[in-house]
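What follows is a short report on a single structure.
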Amino acid sequence: VPLGVFWSIFLGLVWLYLLEVPDPAVVPHYQAGVVAFGLSAIIELLGEPFWVLAQAHLFVRLKVIAESLSVVSKCVLTVILVVLYPRWGLYIFSLAQLFYVSVLVMCYVIYFTIFLGSPEARKKSFPVARMKALLPNLVEDETFVNWKEARLTWSFFKQSFLKQILTEGERYVMTFLNVLNFGDQGVYDIVNNLGSLVARFIFLPIEESFYVFFAKVLERGKNVKDQKQDDVAMAANVLELLLKLVLLIGLTITVFGYAYSQLALDIYGGSMLSSGTGPDLLRCYSLYVLFLAINGVTECFTFALMCKEEVDRYNFVMLALSFTFLCISYFLTHWHGSIGFILANCFNMGIRIAHSIHYIYDYFKESTYNPLTGLLPSPFLVLVYIISGVITGFSEVFFCCDKGWMARLIHISLGALCFAATIVTMFCTETKLIHFVRSQ
């Protein structure tokens with residue numbers, strides 16, 4: 001928390017006094033927005049110990065309820081304020097963000113206040129007995145710092161910092177180098193937010209939940225021969241089916257997203273979004289979603305099993321990759337505008353996927369399991385994807401999006417038929433995966 005306060009103040013000053021400030025007539029209350037978002041980061045940090053405790057003990061329902069309640073509260077407050085007080089500008093989103101983190105932290109605090117010391121906690125032999133134990137304190141007969149844990153924490157901090165650059169790097173290039181004007185940044189943000197809905201609502205929960213699963217089932221730092229073989233078999237089976245699941249979701253979004261990007265943006269934001277670079281941006285993002293899907297699962301397995309030395313080695317790889325990614329983002333943006341950012345992200349994800357696949361292959365090569373077969377869908381299903389992509393592509397050319405609502409309905413109907421054929425084929429060819437999804 002003290003580090004969070006320091007960085008919030010430092011970066012707040014950077015955003016207020018060193019970077020370009022929008023015209024107050026166009027974007028009012030910018031300064032108040034910067035302060036509010038810095039404060040919300042500090043409040044969220046206060047709830048981090050509770051979040052970690054919930055993750056470690058698989059309190060999935062608590063996490064789902066807390067995050068759902070806070071997101072819904074934020075959305076409801078935003079809508080009410082936008083409708084009633086549109087002139088407030090950034091005040092609306094600042095207040096909504098503060099409300100979101102406050103509800104999130106309070107959900108965790110209230111739950112653990114009730115849970116700790118309860119009969120259920122004693123029955124589970126929960127390692128924390130009271131709320132006071134979650135506060136920083138000095139324990140007698142223990143060193144001030146556990147250096148083994150501190151070094152591991154430092155390794156993960158460096159990794160998180162580099163992942164932040166790789167995940168949000170294009171925003172820093174946009175902000176500090178002014179490669180796009182505010183209008184183009186706005187369109188990019190809208191497309192980025194729309195495109196990342198699937199990643200946030202489907203891929204991220206899968207990645208977080210199964211990171212904990214793999215970390216519990218297999219022991220970090222041990223090779224496959226030294227693990228319990230039943231656990232290895234279970235982990236390999238789950239990893240294979242997870243890879244197949246996210247691959248098929250990603251392929252579906254890529255194939256159908258290409259032909260329906262313009263229509264989606266036209267319905268969402270009118271001609272302002274669907275007539276410029278928006279459709280091409282969303283088409284590229286549909287491909288990027290496929291990379292995101294595969295990278296999320298491969299990295300969650302890799303990071304769950306890496307020892308400290310492997311994490312440190314990977315940090316050097318990520319450092320080089322971060323520098324390369326920022327350079328490529330800058331040059332591709334000059335060459336192809338905001339689309340260059342998404343192409344650079346695809347390159348970045350491709351390299352990370354290659355590293356994770358190499359790690360998984362090395363890990364399982366001394367066993368009889370090969371979970372990477374999850375990345376090989378049925379040939380018949382691939383053929384259906386190709387046919388669907390061709391049909392919907394021609395449908396977009398002939399029926400979308402300036403030929404009236406009847407043409408649009410025909411375009412949507414053709415897409416629905418192709419999508420239904422794809423799902424039916426999936427049910428017939430991927431029976432093992434369907435059983436996994438139903439049961440898990």
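Labels used: A, B, ... for chains in the order of the structure tokens, numbers from 1 for residues in each chain, and numbers from 1 for ligands as shown.
Residues in contact range of A:Glu299, defined as at most 10 Å between only C-alpha atoms, with sequence neighbours fewer than 5 positions away removed, read A:Glu207, A:Tyr211, A:Ile294, A:Ala304, A:Leu305, A:Arg352, A:Ile353, A:His355, A:Ser356, A:Ile357, A:Tyr359, A:Ile360.
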Please build the interface table for stretch 263-346 of chain A against stretch 395-415 of chain A with a cut-off of 12 Å, listing for each qualifying residue the nearest atom pair and the distance in Å to one decimal; count only C-alpha atoms, order rows by chain and increasing number, and write it as JSON lines.
```
{"residue": "A:Leu263", "atom": "CA", "partner": "A:Cys401", "partner_atom": "CA", "distance": 6.3}
{"residue": "A:Ala264", "atom": "CA", "partner": "A:Cys401", "partner_atom": "CA", "distance": 10.0}
{"residue": "A:Leu265", "atom": "CA", "partner": "A:Cys401", "partner_atom": "CA", "distance": 10.4}
{"residue": "A:Asp266", "atom": "CA", "partner": "A:Cys401", "partner_atom": "CA", "distance": 7.9}
{"residue": "A:Ile267", "atom": "CA", "partner": "A:Cys401", "partner_atom": "CA", "distance": 9.9}
{"residue": "A:Gly270", "atom": "CA", "partner": "A:Cys401", "partner_atom": "CA", "distance": 10.7}
{"residue": "A:Ser271", "atom": "CA", "partner": "A:Asp402", "partner_atom": "CA", "distance": 9.8}
{"residue": "A:Ser274", "atom": "CA", "partner": "A:Cys401", "partner_atom": "CA", "distance": 8.9}
{"residue": "A:Ser275", "atom": "CA", "partner": "A:Cys401", "partner_atom": "CA", "distance": 9.9}
{"residue": "A:Pro279", "atom": "CA", "partner": "A:Cys401", "partner_atom": "CA", "distance": 11.3}
```
Same residues, N, CA and C atoms, output as a PDB file, in the first residue's frame:
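As a result, part-v6.pdb now contains:
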```
ATOM      1  N   LEU A 263     -20.959  -4.634 -39.315  1.00  0.00           N
ATOM      2  CA  LEU A 263     -22.351  -4.606 -38.861  1.00  0.00           C
ATOM      3  C   LEU A 263     -22.432  -4.331 -37.361  1.00  0.00           C
ATOM      4  N   ALA A 264     -21.568  -4.966 -36.588  1.00  0.00           N
ATOM      5  CA  ALA A 264     -21.572  -4.778 -35.131  1.00  0.00           C
ATOM      6  C   ALA A 264     -21.293  -3.321 -34.775  1.00  0.00           C
ATOM      7  N   LEU A 265     -20.299  -2.716 -35.438  1.00  0.00           N
ATOM      8  CA  LEU A 265     -19.960  -1.319 -35.150  1.00  0.00           C
ATOM      9  C   LEU A 265     -21.044  -0.370 -35.634  1.00  0.00           C
ATOM     10  N   ASP A 266     -21.710  -0.705 -36.753  1.00  0.00           N
ATOM     11  CA  ASP A 266     -22.776   0.139 -37.278  1.00  0.00           C
ATOM     12  C   ASP A 266     -23.963   0.155 -36.320  1.00  0.00           C
ATOM     13  N   ILE A 267     -24.300  -1.031 -35.773  1.00  0.00           N
ATOM     14  CA  ILE A 267     -25.407  -1.115 -34.802  1.00  0.00           C
ATOM     15  C   ILE A 267     -25.014  -0.415 -33.506  1.00  0.00           C
ATOM     16  N   GLY A 270     -23.201   3.538 -35.071  1.00  0.00           N
ATOM     17  CA  GLY A 270     -23.589   4.247 -36.285  1.00  0.00           C
ATOM     18  C   GLY A 270     -22.434   4.400 -37.265  1.00  0.00           C
ATOM     19  N   SER A 271     -22.636   5.261 -38.261  1.00  0.00           N
ATOM     20  CA  SER A 271     -21.656   5.413 -39.343  1.00  0.00           C
ATOM     21  C   SER A 271     -20.328   5.999 -38.863  1.00  0.00           C
ATOM     22  N   SER A 274     -18.523   2.762 -38.153  1.00  0.00           N
ATOM     23  CA  SER A 274     -18.492   1.723 -39.187  1.00  0.00           C
ATOM     24  C   SER A 274     -17.954   2.200 -40.530  1.00  0.00           C
ATOM     25  N   SER A 275     -17.708   3.506 -40.682  1.00  0.00           N
ATOM     26  CA  SER A 275     -17.272   4.010 -41.987  1.00  0.00           C
ATOM     27  C   SER A 275     -15.775   4.273 -42.075  1.00  0.00           C
ATOM     28  N   PRO A 279     -14.066  -0.901 -38.664  1.00  0.00           N
ATOM     29  CA  PRO A 279     -14.271  -2.305 -39.058  1.00  0.00           C
ATOM     30  C   PRO A 279     -12.967  -3.084 -39.246  1.00  0.00           C
TER      31      PRO A 279
END
```
Return the single residue from A:Thr78, A:Ser155, A:Ser40, A:Gln55 that is closest to A:Glu309, with distances computed using only C-alpha atoms.
A:Ser155
Can you pull out every residue within 12 Å of A:Leu104, counting only C-alpha atoms, but drop anything in the same chain fewer than 6 positions away, and send it as an MDAnalysis selection string?
chainID A and resid 40 43:48 50:51 62:74 97:98 110:111
Dump C-alpha atoms for the selected residues as an mmCIF file, in the first residue's frame?
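To be explicit, this is the file written out as out.cif:
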```cif
data_model
loop_
_atom_site.group_PDB
_atom_site.id
_atom_site.type_symbol
_atom_site.label_atom_id
_atom_site.label_comp_id
_atom_site.auth_asym_id
_atom_site.auth_seq_id
_atom_site.Cartn_x
_atom_site.Cartn_y
_atom_site.Cartn_z
ATOM 1 C CA SER A 40 -9.157 4.034 -6.652
ATOM 2 C CA ILE A 43 -8.331 1.460 -2.371
ATOM 3 C CA GLU A 44 -8.115 -1.638 -4.585
ATOM 4 C CA LEU A 45 -4.692 -2.441 -3.111
ATOM 5 C CA LEU A 46 -6.263 -2.517 0.356
ATOM 6 C CA GLY A 47 -8.405 -5.460 -0.764
ATOM 7 C CA GLU A 48 -5.539 -7.367 -2.380
ATOM 8 C CA PHE A 50 -8.332 -10.729 0.813
ATOM 9 C CA TRP A 51 -8.341 -11.456 -2.928
ATOM 10 C CA LEU A 62 -16.991 -15.198 -3.308
ATOM 11 C CA LYS A 63 -14.893 -13.889 -6.182
ATOM 12 C CA VAL A 64 -17.730 -14.220 -8.697
ATOM 13 C CA ILE A 65 -20.272 -12.504 -6.428
ATOM 14 C CA ALA A 66 -17.875 -9.702 -5.358
ATOM 15 C CA GLU A 67 -16.749 -8.873 -8.896
ATOM 16 C CA SER A 68 -20.232 -9.198 -10.408
ATOM 17 C CA LEU A 69 -21.797 -6.998 -7.727
ATOM 18 C CA SER A 70 -19.108 -4.325 -8.082
ATOM 19 C CA VAL A 71 -19.262 -4.286 -11.914
ATOM 20 C CA VAL A 72 -23.077 -4.107 -11.936
ATOM 21 C CA SER A 73 -23.004 -1.313 -9.304
ATOM 22 C CA LYS A 74 -20.480 0.618 -11.395
ATOM 23 C CA GLN A 97 -14.630 3.787 -10.607
ATOM 24 C CA LEU A 98 -14.364 4.779 -6.923
ATOM 25 C CA ILE A 110 -17.538 -8.238 5.039
ATOM 26 C CA TYR A 111 -17.203 -11.880 3.935
#
```
Between A:Ile165, A:Leu381, A:Ala235, A:Ala150, which is the closest to A:Phe364 once you count only C-alpha atoms?
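Looking at the shortest contact to A:Phe364, the residue is A:Ala235.
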With DSSP run on the backbone, what are the helix (DSSP H, G or I) residues within stretch 111-302 of chain A? I'd like them as number ranges by chain.
A: 111-115, 119-123, 131-134, 147-177, 182-195, 197-217, 224-226, 229-269, 271-274, 278-302
